[in-house]
Amino acid sequence: MKHLTAFNRAEQGHILTPRLETPFHDRLAALSETNDWYSWAGYKAPHSIFDTELEYFAIRSTSALFDISPMVKYRIRGTDAARYLNRLTVRDVVKLGVNRVHYTAWCDDHGHVLDDGTLFRLGEEDFRLCCQERHLPWLLDSAGGFSVEIDEETAEIAAVALQGPTAFAVLEAAGFAGIEPLKPFQLAEFPHADGSVMISRTGFTGDLGYELFAPANAALGLWDRLWTAGSGFGLKAIGYDALNRARIEAGFIVANADFITAETALRADRERLPDEIGLDWLVDPEKPYFNGRDAILRARAKGTLKHVLVGLEIEGNIPAEGAIVYHRGKKEVGLVTAAIWSPLAKRNIAIATLSRPFGASVTDNLWVEIYAMRELRYQKLMKRARVVPRPFVKLDRRAATPPGRF
Amino acid sequence: MKKYDVVMIGGGHNGLVTACYLQRAGLDVIVLEKNAWVGGAATSRELTPGFLYSNCSYVCSLFRPEIMRDLELPKHGLQVISYEGGAVFTRDGDYLASYRDHDSHRREFARFSKRDAEAYDRYARDVTRQCRFIQPLLMRTAPDPFSFKPRDLQEMLYLARKFGDFSPSEMAATLRFWTMSISDFLDEYFETDVVKAYLALSGIIGTALGPMSPGTAYVLLHHYMGEVDGSVGAWGYARGGMGAVTSALASSFKASGGTIRTGADVAKIMTHRGKATGAVLADGEEVLGKLVVSNADVKRTFLKLVDESALPERFVHRVRHFKMRGSSGKLNIALDSLPEFPALPSGSSCIRGDLHFTDTIERMEKGYDDWKAGRWSADPFVDMMIPTTLDPTMAPPGKHFVSCFVQYCPPKVEGNEWTDADRDAFAETVIRQISDYSPGFRERILHMEVRTPREIEQEVGLTEGNIFQGELTFDQLLFNRPVPGYAQYRSPVRGLYICGSSTHPGGGVMGAPGRNAAAEILRDLRHAPSHMSSAHDVI
């Protein structure tokens with residue numbers, strides 16, 4: 001039991017700034033033309049910087065800088081780190097080499113997804129787990145019997161995503177020598193100022209892109225280095241709204257937007273097994289025991305999976321966000337959780353959760369009901385929807401190694 | 001001699017709620033209140049010029065919005081204002097604040113433990129899940145599990161179905177939750193003493209149990225299932241003090257044609273051949289009614305007002321053993337200026353919320369040990385609020401009304417009746433504790449009202465000064481409240497009903513017992529309760 005003495009009395013004044021500024025905030029604030037901020041986990045984060053439409057095209061045509069510092073980060077170190085993470089998460093961590101990253105998920109005892117995230121293997125016994133929600137009690141409780149140390153390092157580590165076709169060119173111009181051979185999901189350390197920056201070839205856009213992690217106090221220097229180098233390559237700072245369009249095109253899901261995480265669900269029927277949110281491919285039944293394994297495999301064997309997350313292509317051009325999905329235009333079978341008109345695919349796309357068998361074995365005759373508010377009148381549209389594979393947009397430049405310069 | 005349709009004994013909030021609903025159904029209702037004012041334990045009293053005291057209950061959250069709407073209470077002056085967090089002061093000069101902003105709340109907990117900071121959401125989710133289960137039960141009559149009446153069977157089925165919606169692990173969690181101690185429950189989530197002390201408070205308020213006593217987790221739930229305008233778990237102030245709730249009810253009642261007689265102390269409930277016929281006042285006057293409804297607690301009603309000879313033996317036995325057990329007292333203080341708390345940064349919002357000075361569960365439990373020995377706690381826990389930081393109507397500008405709820409405070413002092421000297425010593429214990437954290441507090445006091453269980457019973461009529469008209473322990477809830485077989489607001493005497501907090505779903509200024517009692521009475525009269533909203537959906 002911890003004694004009641006606050007170890008951090010100096011922090012009493014935190015209430016005066018309920019919205020914290022990220023390590024990059026000075027630069028974002030200076031660039032912001034729209035002054036359109038929201039709270040991302042208690043940090044000021046931009047919806048947009050100058051124009052969402054144009055910011056989106058920066059991602060797809062030149063390159064874009066997006067501040068991901070508010071993303072929750074845990075550092076997991078120790079001789080049992082790999083074994084611990086293998087018990088925690090659904091994917092096989094043994095297969096994750098040093099200096100590699102993989103997308104993964106972790107579940108409660110019932111196999112319900114607690115969160116999804118990316119796991120970075122920084123060393124043989126050194127990992128970083130990045131995610132949307134906070135899980136310290138879960139991570140600590142799971143650590144019993146393992147020799148690991150777990151630290152929450154969200155505030156200490158600044159992170160920025162550099163995404164788009166000129167992303168590599170920007171890094172090259174910024175003098176990150178040796179970035180060229182980096183393959184998707186690979187990471188490496190590069191010297192920066194007095195220390196170093198960790199760069200991984202990862203991202204949330206389905207495009208060529210990198211994510212850079214540095215100590216918070218090195219953030220502004222890192223930003224300036226990229227910004228200066230980017231001037232010849234159309235580099236723009238962007239907000240979440242533009243990124244969100246890119247991530248939908250890439251078919252990525254967002255916790256507590258496209259599914260409800262098990263620890264926040266007030267309604268038990270909102271909890272989801274990995275197979276119910278399109279993460280079945282992460283689950284490795286061959287690896288040693290992991291949390292939720294039995295429940296997931298039992299549901300598969302018994303065929304008791306209740307939901308399925310699918311990509312939809314919807315006729316017409318009106319985005320179907322929040323729309324109800326019907327079978328034969330009558331029976332309600334699900335909900336669209338994210339939708340846009342894709343400028344890159346020239347298709348009306350959506351991510352939806354459906355009740356099985358709809359979306360799984362029954363995929364014909366699906367419809368979505370769109371309420372388009374047009375000058376104070378709803379235009380009610382019933383549009384045909386087709387289940388299509390994700391990603392909606394596949395770009396060769398994402399994985400090309402060595403990467404192209406534009 | 002005039003014969004009313006309904007004689008209501010007691011003008012507390014539940015009595016007034018029942019009276020309002022019955023009057024609006026077209027019945028002729030008279031409310032008899034012994035005091036010169038109505039309100040029971042929801043009052044605003046001007047005991048010193050210029051200051052209004054919420055001198056019993058002091059915050060509002062549980063009062064059902066359906067009732068506010070049905071009875072048009074906003075039109076009759078009721079306003080409930082949300083308030084900000086609050087703080088627990090620690091003995092080493094720091095504090096743990098509670099903030100409305102989710103991220104600030106987390107950062108505040110993180111000053112003590114990063115783990116506890118991130119555990120709060122899971123805790124809140126689990127408590128909220130339990131609330132969502134129980135909330136719909138508040139506005140329904142508890143079914144009698146041993147009855148084969150279609151209605152009881154239907155209600156049991158409803159309960160079973162609600163429970164059946166749960167997964168096996170949720171069912172297990174619910175059963176554990178209803179029987180656990182708040183201390184054990186909190187241990188499953190948190191590691192820091194002050195965090196647990198802060199959250200444990202709701203588990204023991206008004207209850208003669210310690211935080212380590214089984215059953216206290218449910219009491220926490222009872223305090224969590226209120227809301228302010230849909231914000232579940234939030235608490236607010238009634239503008240103008242808690243009397244605003246009952247004065248709005250009284251105004252609504254009168255507007256629909258009801259009669260209120262204050263200064264009418266009921267001495268007896270008259271019965272004739274097993275049926276209630278009216279009430280006899282202390283001065284011998286008889287008030288006749290076709291039906292009699294008692295807002296008094298179950299002990300006062302059946303052990304004092306009704307002749308025991310008119311009641312079945314086992315029923316009386318049950319009533320006698322219904323646990324009241326007063327456990328709390330109250331200090332209402334008029335202050336010359338806003339108290340200072342050097343531990344708080346200047347301008348802190350905490351002062352507008354509830355302030356506590358008990359930073360460990362062990363200290364609470366020791367306070368309970370004193371109660372068991374028949375003494376008030378030497379180191380009591382105090383729930384202190386300064387509503388005048390948000391409500392300009394309760395004190396002159398710059399001056400403040402301070403409400404201090406104090407626990408534990410026994411109904412008798414080591415087996416003897418309270419004396420004035422005991423009462424003053426009790427108050428001194430509390431003032432000394434506050435002064436430890438707020439130097440100069442004593443010097444600011446302009447007037448003070450001290451209420452031990454003795455004063456609460458004498459004035460409000462609550463047996464043993466129990467604020468809930470009977471403890472909210474699992475053995476006294478649902479179909480066991482107050483007496484098995486009589487949990488549906490009826491009694492062994494035909495035409496006599498009870499509508500106070502002794503009945504399901506229990507205490508707090510909730511109004512649900514009063515509303516449910518009215519529904520049962522109207523059912524007996526075969527009167528469709530079309531003017532009563534059913535519970536808002538929990539979706």
# chains A, B, ... in the order shown; residues from 1 in each chain; ligands from 1

$ residues_around --residues "B:Lys412" --least-positions-apart "5" --cutoff "12 Å" --atoms "only C-alpha atoms" --output "MDAnalysis selection string"
chainID B and resid 325:328 371:376 417:419 422:423 452:455 457 463:465

$ interface_residues --of "chain B" --to "chain A" --cutoff "8 Å" --atoms "only C-alpha atoms" --output "MDAnalysis selection string"
chainID B and resid 90 92 94 101 103:104 107:108 111:112 114:116 118:119 121:122 125:126 128:129 166:167 191:194 345 359

$ atom_distance --atom1 "atom CA of B:Ser98" --atom2 "atom CA of B:Gly353"
8.6 Å

$ closest_residue --among "A:Arg121, A:Arg128, A:Arg75, A:Lys383" --to "A:Ala188" --atoms "only C-alpha atoms"
A:Arg121

$ atom_distance --atom1 "atom CA of A:Leu129" --atom2 "atom CA of A:Val148"
13.7 Å

$ select_by_dssp --residues "stretch 43-210 of chain A" --states "alpha helix (DSSP H)" --output "PyMOL selection string"
chain A and resi 52-61+81-88+136-141+167-173
